[in-house]
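**Q** For reference, the structure I am asking about is given below.
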Amino acid sequence: MLSIEEIKLLIEKLRILKKAHFYKIINNHLTVLEDLHDALEKNEWNMAKPSKKSRAWFMKDLEYKKENPVVNELLANVIQKKIWQFGKSNLYNSLEIGPGNGQFSMDFRAWRLNYFLDVLPDCENPIRKMFPIQHQKHLKFIRTLEDTANMDSVPRGSCNFVFSWDTFVFFTQEHIKEYLHEMNRILLPGGYCFIQYADCHYDIDLEQSKRNYWNYNTKTAMTQIIKDEGYEVVEMSQFCPGANYAIFRKPGKQNPVVYKSSEITLD
């Protein structure tokens with residue numbers, strides 16, 4: 001039997017094909033699939049399937065990853081090289097969403113202030129210990145709830161870079177929309193975002209979604225969410241299977257940093 005994630009993926013593909021070819025055949029099958037999808041979403045099993053992760057879930061997941069990291073050294077290096085391309089000015093601030101164990105948190109030292117937003121209060125002390133005493137005043141930690149995207153502590157238009165890895169893959173599409181909406185407020189015109197997301201067009205991402213570890217998303221849906229929130233898509237690619245990312249920017253020319261699109265892979 002098809003999983004609800006596979007049904008969502010098939011619906012999306014048929015909607016794309018419907019615009020160009022085989023209208024009547026596709027429309028009939030699309031209607032059946034959409035009805036089936038709606039019925040599955042309403043049944044008791046799927047209602048009991050949690051879509052938003054709790055703070056306790058994130059804490060348990062982080063503890064597991066301390067011993068079993070999901071980002072190996074090779075992947076971490078190519079991610080860091082991308083981050084460094086945005087750190088060419090110390091006039092503005094950076095924001096990392098979901099720093100977790102702080103694997104990339106030291107890579108934001110080129111910015112004036114480093115904001116870190118996480119649902120876990122225990123993230124702050126380990127990350128602070130990575131930085132020397134003289135840099136502590138440049139670190140700002142924000143605790144948020146698992147079902148919100150509250151960034152009120154970050155001033156409007158104060159950041160020119162937002163980064164997140166191994167976090168947005170756990171968010172529903174609605175939750176991602178909330179985050180992108182809040183990020184738009186804190187970004188200055190021309191500011192960039194570099195975000196990992198799940199793309200269930202690929203088998204690895206689809207399997208993670210089917211087992212309810214990641215939440216369902218695709219490149220097509222993510223692109224639309226980005227554009228609907230008023231951003232410009234700069235680059236959407238992957239470093240390797242399961243490491244899909246989107247780079248997008250808020251329109252404007254206030255940011256002194258201009259990113260030149262380039263795709264770094266692990267091949």
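Letters A, B, ... go to the chains of the structure tokens in the order shown; residues in each chain start at 1; ligands are counted from 1 in the same order.
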Once DSSP has gone over the backbone, tell me which residues of stretch 11-247 of chain A are in strand (DSSP E or B), as a PyMOL selection string.
**A** chain A and resi 93-97+114-118+139-143+159-164+187-196+232-238+244-247
**Q** For A:Leu187, work out the shell of residues within 10 Å, counting only C-alpha atoms and skipping chain neighbours fewer than 6 positions away, then give it as number ranges by chain.
**A** A: 92-95, 154-162, 193, 249-250, 255
**Q** Could you check how far atom CA of A:Arg211 sits from atom CA of A:Glu174, in Å to one decimal?
**A**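 Taking atom CA of A:Arg211 and atom CA of A:Glu174, their separation equals 19.6 Å.
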**Q** Using only C-alpha atoms, which residues sit within 10 Å of A:Ile79 once same-chain residues fewer than 5 positions away are excluded, as number ranges by chain?
**A** A: 71, 73-74, 84, 104, 165, 194, 239, 243, 245, 264-265
**Q** Just write the chosen residues, N, CA and C atoms, as an mmCIF file, in the first residue's frame.
**A**
data_model
loop_
_atom_site.group_PDB
_atom_site.id
_atom_site.type_symbol
_atom_site.label_atom_id
_atom_site.label_comp_id
_atom_site.auth_asym_id
_atom_site.auth_seq_id
_atom_site.Cartn_x
_atom_site.Cartn_y
_atom_site.Cartn_z
ATOM 1 N N VAL A 71 26.219 14.440 10.243
ATOM 2 C CA VAL A 71 27.031 15.234 9.313
ATOM 3 C C VAL A 71 28.490 14.839 9.512
ATOM 4 N N GLU A 73 32.657 14.584 8.489
ATOM 5 C CA GLU A 73 33.659 15.644 8.329
ATOM 6 C C GLU A 73 33.680 16.207 6.913
ATOM 7 N N LEU A 74 33.521 15.341 5.910
ATOM 8 C CA LEU A 74 33.553 15.793 4.515
ATOM 9 C C LEU A 74 32.375 16.702 4.205
ATOM 10 N N TRP A 84 31.142 30.465 4.749
ATOM 11 C CA TRP A 84 32.195 31.479 4.702
ATOM 12 C C TRP A 84 32.006 32.451 3.542
ATOM 13 N N PHE A 104 28.369 23.979 13.681
ATOM 14 C CA PHE A 104 28.715 25.074 12.778
ATOM 15 C C PHE A 104 28.758 26.436 13.472
ATOM 16 N N TRP A 165 20.871 23.962 9.649
ATOM 17 C CA TRP A 165 21.125 22.628 9.098
ATOM 18 C C TRP A 165 20.612 21.578 10.076
ATOM 19 N N PHE A 194 20.426 30.303 4.156
ATOM 20 C CA PHE A 194 21.029 29.043 3.698
ATOM 21 C C PHE A 194 20.446 27.948 4.583
ATOM 22 N N PHE A 239 24.381 18.570 -1.635
ATOM 23 C CA PHE A 239 25.778 18.195 -1.540
ATOM 24 C C PHE A 239 25.943 16.695 -1.778
ATOM 25 N N ALA A 243 21.177 15.622 1.741
ATOM 26 C CA ALA A 243 21.744 16.921 2.134
ATOM 27 C C ALA A 243 21.324 17.976 1.118
ATOM 28 N N TYR A 245 19.697 21.594 0.024
ATOM 29 C CA TYR A 245 19.703 22.923 0.619
ATOM 30 C C TYR A 245 19.099 23.946 -0.328
ATOM 31 N N ILE A 264 28.647 23.035 -4.786
ATOM 32 C CA ILE A 264 29.718 22.187 -4.293
ATOM 33 C C ILE A 264 29.111 20.830 -3.945
ATOM 34 N N THR A 265 29.639 19.758 -4.515
ATOM 35 C CA THR A 265 29.121 18.423 -4.212
ATOM 36 C C THR A 265 30.220 17.573 -3.596
#
**Q** Which polymer residues have any atom within 8 Å of an atom of A:Asn217, counting only C-alpha atoms, with same-chain residues fewer than 6 positions away left out, as a ChimeraX atom specification?
**A** /A:169,172-173,197-200
**Q** Would you write out those residues with N, CA and C atoms, as a short mmCIF file (atom, residue, chain, number, x, y, z; two decimals), in the first residue's frame?
**A**
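Produced file result.cif, reproduced below:
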data_model
loop_
_atom_site.label_atom_id
_atom_site.label_comp_id
_atom_site.auth_asym_id
_atom_site.auth_seq_id
_atom_site.Cartn_x
_atom_site.Cartn_y
_atom_site.Cartn_z
N VAL A 169 14.29 20.07 8.30
CA VAL A 169 13.81 18.77 7.83
C VAL A 169 12.76 18.20 8.78
N THR A 172 7.01 20.88 9.64
CA THR A 172 5.95 20.77 8.64
C THR A 172 6.08 21.94 7.67
N GLN A 173 5.42 21.84 6.54
CA GLN A 173 5.46 22.94 5.58
C GLN A 173 4.85 24.20 6.17
N TYR A 197 16.69 21.39 3.75
CA TYR A 197 15.28 20.99 3.77
C TYR A 197 15.16 19.57 3.22
N ALA A 198 14.04 18.94 3.46
CA ALA A 198 13.79 17.58 2.95
C ALA A 198 13.21 17.66 1.54
N ASP A 199 13.73 16.86 0.64
CA ASP A 199 13.18 16.78 -0.72
C ASP A 199 12.80 15.33 -1.00
N CYS A 200 11.52 15.03 -0.84
CA CYS A 200 11.04 13.65 -0.97
C CYS A 200 10.94 13.17 -2.40
#
